[in-house]
Amino acid sequence: LLLAWLASVYQDDGLSGRTAGILFALYNVSTFPAMVGLPLLSDRIGSRKIPTVVAAVTLLIGSIGLATAATTPVLMWIWPIFCGFGVAGLFGMGLLMPIDVAPPGRTGLAAGMVLCIGYLASAAGPVIGGAVKDATGSFERALLLLPVLAAGMIVVSLFVPRPFESRQSE
């Protein structure tokens with residue numbers, strides 16, 4: 001939803017194309033530290049759960065801000081950074097989990113399932129956001145879906161299982 005519509009959200013709220021583009025660039029730039037850093041952090045601390053919760057909470061904060069105060073001066077520069085970091089962090093951590101939780105010989109199957117479901121859900125975001133915008137005349141209602149999804153991700157991330165190998169040793 002954000003990748004497809006974020007610049008339009010800002011322009012619909014009255015920002016210039018230049019400012020909307022800069023905010024969209026901030027969203028994209030903020031994805032790199034999360035995509036690289038959170039998996040590295042998870043390896044260092046030996047837990048996927050903590051970085052996944054951090055990413056989900058960051059997305060929740062950013063999406064609430066974006067949904068309620070997208071163009072508030074000063075704060076409008078923070079929301080896309082939080083959203084980009086959260087989305088990319090969840091994506092990166094999600095890519096690692098099949099490796100951790102699949103039994104030996106089933107990693108490819110688990111990774112394929114995660115990618116299939118993840119990309120289908122990602123493809124639905126812009127369509128749903130566009131449909132909600134068309135039905136209501138603004139992106140406000142579509143943006144309210146993001147905090148709900150982020151809260152759901154926090155709950156799901158609390159149940160991240162331990163790696164398969166460590167469960168086998170018990």
# chains A, B, ... in the order shown; residues from 1 in each chain; ligands from 1
>>> closest_atom_pairs(of="stretch 25-106 of chain A", to="stretch 132-143 of chain A", cutoff="12 Å", atoms="only C-alpha atoms", output="Markdown table")
| residue | atom | partner | partner_atom | distance |
| --- | --- | --- | --- | --- |
| A:Leu60 | CA | A:Leu143 | CA | 11.5 |
| A:Gly62 | CA | A:Leu143 | CA | 10.9 |
| A:Ser63 | CA | A:Leu143 | CA | 7.3 |
| A:Ile64 | CA | A:Leu143 | CA | 8.4 |
| A:Gly65 | CA | A:Leu143 | CA | 9.9 |
| A:Leu66 | CA | A:Leu143 | CA | 7.3 |
| A:Ala67 | CA | A:Leu143 | CA | 5.1 |
| A:Thr68 | CA | A:Glu140 | CA | 8.1 |
| A:Ala69 | CA | A:Glu140 | CA | 10.2 |
| A:Ala70 | CA | A:Glu140 | CA | 9.6 |
| A:Cys83 | CA | A:Leu143 | CA | 11.6 |
>>> write_last_selection(atoms="all heavy atoms", output="PDB file, in the first residue's frame")
ATOM      1  N   LEU A  60       3.927   0.190  13.540  1.00  0.00           N
ATOM      2  CA  LEU A  60       2.713   0.662  14.213  1.00  0.00           C
ATOM      3  C   LEU A  60       2.799   2.165  14.500  1.00  0.00           C
ATOM      4  O   LEU A  60       1.873   2.918  14.190  1.00  0.00           O
ATOM      5  CB  LEU A  60       2.464  -0.115  15.512  1.00  0.00           C
ATOM      6  CG  LEU A  60       1.252   0.332  16.318  1.00  0.00           C
ATOM      7  CD1 LEU A  60      -0.044   0.102  15.545  1.00  0.00           C
ATOM      8  CD2 LEU A  60       1.214  -0.391  17.652  1.00  0.00           C
ATOM      9  N   GLY A  62       4.761   4.436  13.082  1.00  0.00           N
ATOM     10  CA  GLY A  62       4.771   5.185  11.822  1.00  0.00           C
ATOM     11  C   GLY A  62       3.425   5.207  11.137  1.00  0.00           C
ATOM     12  O   GLY A  62       3.003   6.240  10.603  1.00  0.00           O
ATOM     13  N   SER A  63       2.727   4.082  11.152  1.00  0.00           N
ATOM     14  CA  SER A  63       1.438   4.032  10.459  1.00  0.00           C
ATOM     15  C   SER A  63       0.360   4.820  11.201  1.00  0.00           C
ATOM     16  O   SER A  63      -0.502   5.423  10.568  1.00  0.00           O
ATOM     17  CB  SER A  63       1.006   2.586  10.218  1.00  0.00           C
ATOM     18  OG  SER A  63       0.782   1.894  11.424  1.00  0.00           O
ATOM     19  N   ILE A  64       0.411   4.832  12.527  1.00  0.00           N
ATOM     20  CA  ILE A  64      -0.526   5.682  13.280  1.00  0.00           C
ATOM     21  C   ILE A  64      -0.255   7.147  12.949  1.00  0.00           C
ATOM     22  O   ILE A  64      -1.177   7.920  12.695  1.00  0.00           O
ATOM     23  CB  ILE A  64      -0.433   5.416  14.797  1.00  0.00           C
ATOM     24  CG1 ILE A  64      -1.036   4.056  15.138  1.00  0.00           C
ATOM     25  CG2 ILE A  64      -1.138   6.529  15.584  1.00  0.00           C
ATOM     26  CD1 ILE A  64      -0.812   3.614  16.576  1.00  0.00           C
ATOM     27  N   GLY A  65       1.003   7.519  12.948  1.00  0.00           N
ATOM     28  CA  GLY A  65       1.347   8.898  12.602  1.00  0.00           C
ATOM     29  C   GLY A  65       0.930   9.263  11.196  1.00  0.00           C
ATOM     30  O   GLY A  65       0.366  10.341  10.962  1.00  0.00           O
ATOM     31  N   LEU A  66       1.177   8.368  10.275  1.00  0.00           N
ATOM     32  CA  LEU A  66       0.804   8.620   8.886  1.00  0.00           C
ATOM     33  C   LEU A  66      -0.712   8.717   8.731  1.00  0.00           C
ATOM     34  O   LEU A  66      -1.220   9.573   8.013  1.00  0.00           O
ATOM     35  CB  LEU A  66       1.360   7.502   8.002  1.00  0.00           C
ATOM     36  CG  LEU A  66       1.316   7.715   6.504  1.00  0.00           C
ATOM     37  CD1 LEU A  66       2.123   8.947   6.109  1.00  0.00           C
ATOM     38  CD2 LEU A  66       1.861   6.489   5.795  1.00  0.00           C
ATOM     39  N   ALA A  67      -1.441   7.857   9.427  1.00  0.00           N
ATOM     40  CA  ALA A  67      -2.902   7.845   9.317  1.00  0.00           C
ATOM     41  C   ALA A  67      -3.552   9.043  10.000  1.00  0.00           C
ATOM     42  O   ALA A  67      -4.626   9.481   9.588  1.00  0.00           O
ATOM     43  CB  ALA A  67      -3.462   6.550   9.896  1.00  0.00           C
ATOM     44  N   THR A  68      -2.918   9.578  11.019  1.00  0.00           N
ATOM     45  CA  THR A  68      -3.557  10.648  11.800  1.00  0.00           C
ATOM     46  C   THR A  68      -2.936  12.027  11.595  1.00  0.00           C
ATOM     47  O   THR A  68      -3.607  13.029  11.827  1.00  0.00           O
ATOM     48  CB  THR A  68      -3.522  10.325  13.309  1.00  0.00           C
ATOM     49  OG1 THR A  68      -2.165  10.207  13.739  1.00  0.00           O
ATOM     50  CG2 THR A  68      -4.287   9.042  13.598  1.00  0.00           C
ATOM     51  N   ALA A  69      -1.668  12.092  11.197  1.00  0.00           N
ATOM     52  CA  ALA A  69      -0.994  13.393  11.080  1.00  0.00           C
ATOM     53  C   ALA A  69       0.049  13.361   9.972  1.00  0.00           C
ATOM     54  O   ALA A  69       1.192  13.747  10.174  1.00  0.00           O
ATOM     55  CB  ALA A  69      -0.346  13.748  12.415  1.00  0.00           C
ATOM     56  N   ALA A  70      -0.364  12.910   8.790  1.00  0.00           N
ATOM     57  CA  ALA A  70       0.584  12.688   7.689  1.00  0.00           C
ATOM     58  C   ALA A  70       1.372  13.931   7.312  1.00  0.00           C
ATOM     59  O   ALA A  70       2.551  13.836   6.968  1.00  0.00           O
ATOM     60  CB  ALA A  70      -0.150  12.145   6.461  1.00  0.00           C
ATOM     61  N   CYS A  83       7.742   3.975   8.943  1.00  0.00           N
ATOM     62  CA  CYS A  83       7.013   3.000   8.122  1.00  0.00           C
ATOM     63  C   CYS A  83       7.957   2.182   7.253  1.00  0.00           C
ATOM     64  O   CYS A  83       7.830   0.953   7.169  1.00  0.00           O
ATOM     65  CB  CYS A  83       5.978   3.710   7.252  1.00  0.00           C
ATOM     66  SG  CYS A  83       4.543   4.304   8.158  1.00  0.00           S
TER      67      CYS A  83
END
>>> closest_atom_pairs(of="stretch 62-168 of chain A", to="stretch 14-28 of chain A", cutoff="7 Å", atoms="only C-alpha atoms", output="Markdown table")
| residue | atom | partner | partner_atom | distance |
| --- | --- | --- | --- | --- |
| A:Trp77 | CA | A:Leu23 | CA | 6.6 |
| A:Pro80 | CA | A:Tyr27 | CA | 4.6 |
| A:Ile81 | CA | A:Tyr27 | CA | 5.1 |
| A:Cys83 | CA | A:Tyr27 | CA | 6.8 |
| A:Gly84 | CA | A:Tyr27 | CA | 4.7 |
>>> write_last_selection(atoms="N, CA and C atoms", output="PDB file, in the first residue's frame")
ATOM      1  N   TRP A  77       8.165  14.189   8.528  1.00  0.00           N
ATOM      2  CA  TRP A  77       9.445  13.647   8.085  1.00  0.00           C
ATOM      3  C   TRP A  77       9.798  12.361   8.828  1.00  0.00           C
ATOM      4  N   PRO A  80       7.379   8.499   7.419  1.00  0.00           N
ATOM      5  CA  PRO A  80       7.822   7.594   6.353  1.00  0.00           C
ATOM      6  C   PRO A  80       9.073   6.800   6.741  1.00  0.00           C
ATOM      7  N   ILE A  81       9.915   7.374   7.581  1.00  0.00           N
ATOM      8  CA  ILE A  81      11.112   6.651   8.032  1.00  0.00           C
ATOM      9  C   ILE A  81      10.693   5.468   8.905  1.00  0.00           C
ATOM     10  N   CYS A  83       7.742   3.975   8.943  1.00  0.00           N
ATOM     11  CA  CYS A  83       7.013   3.000   8.122  1.00  0.00           C
ATOM     12  C   CYS A  83       7.957   2.182   7.253  1.00  0.00           C
ATOM     13  N   GLY A  84       8.908   2.839   6.612  1.00  0.00           N
ATOM     14  CA  GLY A  84       9.860   2.117   5.765  1.00  0.00           C
ATOM     15  C   GLY A  84      10.698   1.137   6.559  1.00  0.00           C
TER      16      GLY A  84
END
>>> residues_around(residues="stretch 112-119 of chain A", least_positions_apart="2", cutoff="8 Å", atoms="only C-alpha atoms", output="mmCIF file with C-alpha atoms, in the first residue's frame")
data_model
loop_
_atom_site.group_PDB
_atom_site.id
_atom_site.type_symbol
_atom_site.label_atom_id
_atom_site.label_comp_id
_atom_site.auth_asym_id
_atom_site.auth_seq_id
_atom_site.Cartn_x
_atom_site.Cartn_y
_atom_site.Cartn_z
ATOM 1 C CA GLY A 94 10.038 -13.010 7.419
ATOM 2 C CA LEU A 95 12.504 -14.173 4.779
ATOM 3 C CA PRO A 98 11.647 -20.533 6.919
ATOM 4 C CA GLY A 108 12.566 -24.784 0.096
ATOM 5 C CA LEU A 109 8.928 -25.719 0.610
ATOM 6 C CA ALA A 110 8.605 -23.409 3.626
ATOM 7 C CA ALA A 121 -0.701 -10.178 0.424
ATOM 8 C CA SER A 122 1.646 -7.432 -0.802
ATOM 9 C CA ALA A 123 -0.086 -7.358 -4.169
#
>>> residues_around(residues="A:Gly125", least_positions_apart="5", cutoff="12 Å", atoms="only C-alpha atoms", output="list in words")
Leu1, Leu2, Leu3, Ala4, Trp5, Leu6, Gly118, Tyr119, Leu120, Gly130, Ala131, Val132, Ala142, Leu143, Leu145, Leu146 and Leu149 of chain A
>>> write_last_selection(atoms="N, CA and C atoms", output="mmCIF file, in the first residue's frame")
data_model
loop_
_atom_site.group_PDB
_atom_site.id
_atom_site.type_symbol
_atom_site.label_atom_id
_atom_site.label_comp_id
_atom_site.auth_asym_id
_atom_site.auth_seq_id
_atom_site.Cartn_x
_atom_site.Cartn_y
_atom_site.Cartn_z
ATOM 1 N N LEU A 1 0.830 -1.184 0.000
ATOM 2 C CA LEU A 1 0.000 0.000 0.000
ATOM 3 C C LEU A 1 0.876 1.250 0.000
ATOM 4 N N LEU A 2 1.869 1.279 0.860
ATOM 5 C CA LEU A 2 2.706 2.476 0.957
ATOM 6 C C LEU A 2 3.590 2.658 -0.268
ATOM 7 N N LEU A 3 4.143 1.594 -0.757
ATOM 8 C CA LEU A 3 5.021 1.698 -1.921
ATOM 9 C C LEU A 3 4.255 2.235 -3.127
ATOM 10 N N ALA A 4 3.010 1.816 -3.268
ATOM 11 C CA ALA A 4 2.223 2.235 -4.422
ATOM 12 C C ALA A 4 1.593 3.617 -4.248
ATOM 13 N N TRP A 5 1.174 3.959 -3.032
ATOM 14 C CA TRP A 5 0.324 5.130 -2.858
ATOM 15 C C TRP A 5 0.906 6.242 -1.996
ATOM 16 N N LEU A 6 2.060 6.063 -1.378
ATOM 17 C CA LEU A 6 2.522 7.055 -0.407
ATOM 18 C C LEU A 6 2.667 8.453 -1.005
ATOM 19 N N GLY A 118 3.307 -14.073 1.129
ATOM 20 C CA GLY A 118 3.765 -12.696 1.329
ATOM 21 C C GLY A 118 3.554 -11.820 0.112
ATOM 22 N N TYR A 119 3.896 -12.321 -1.057
ATOM 23 C CA TYR A 119 3.732 -11.512 -2.263
ATOM 24 C C TYR A 119 2.270 -11.371 -2.661
ATOM 25 N N LEU A 120 1.444 -12.391 -2.423
ATOM 26 C CA LEU A 120 0.012 -12.242 -2.683
ATOM 27 C C LEU A 120 -0.591 -11.170 -1.774
ATOM 28 N N GLY A 130 -6.420 1.385 -3.149
ATOM 29 C CA GLY A 130 -7.054 2.122 -4.243
ATOM 30 C C GLY A 130 -8.567 2.000 -4.218
ATOM 31 N N ALA A 131 -9.063 0.809 -3.902
ATOM 32 C CA ALA A 131 -10.516 0.612 -3.834
ATOM 33 C C ALA A 131 -11.116 1.433 -2.699
ATOM 34 N N VAL A 132 -10.453 1.457 -1.553
ATOM 35 C CA VAL A 132 -10.951 2.244 -0.417
ATOM 36 C C VAL A 132 -10.910 3.733 -0.757
ATOM 37 N N ALA A 142 -8.051 4.093 4.068
ATOM 38 C CA ALA A 142 -7.076 3.076 3.672
ATOM 39 C C ALA A 142 -5.882 3.081 4.619
ATOM 40 N N LEU A 143 -5.452 4.265 5.014
ATOM 41 C CA LEU A 143 -4.317 4.367 5.927
ATOM 42 C C LEU A 143 -4.653 3.825 7.313
ATOM 43 N N LEU A 145 -6.079 1.147 7.868
ATOM 44 C CA LEU A 145 -5.842 -0.296 7.829
ATOM 45 C C LEU A 145 -4.433 -0.637 8.304
ATOM 46 N N LEU A 146 -3.487 0.270 8.084
ATOM 47 C CA LEU A 146 -2.087 -0.018 8.406
ATOM 48 C C LEU A 146 -1.837 -0.222 9.900
ATOM 49 N N LEU A 149 -3.076 -3.659 10.793
ATOM 50 C CA LEU A 149 -2.151 -4.703 10.335
ATOM 51 C C LEU A 149 -0.875 -4.725 11.173
#
>>> closest_residue(among="A:Leu90, A:Leu75, A:Leu96, A:Val9", to="A:Asp43", atoms="only C-alpha atoms")
A:Leu96
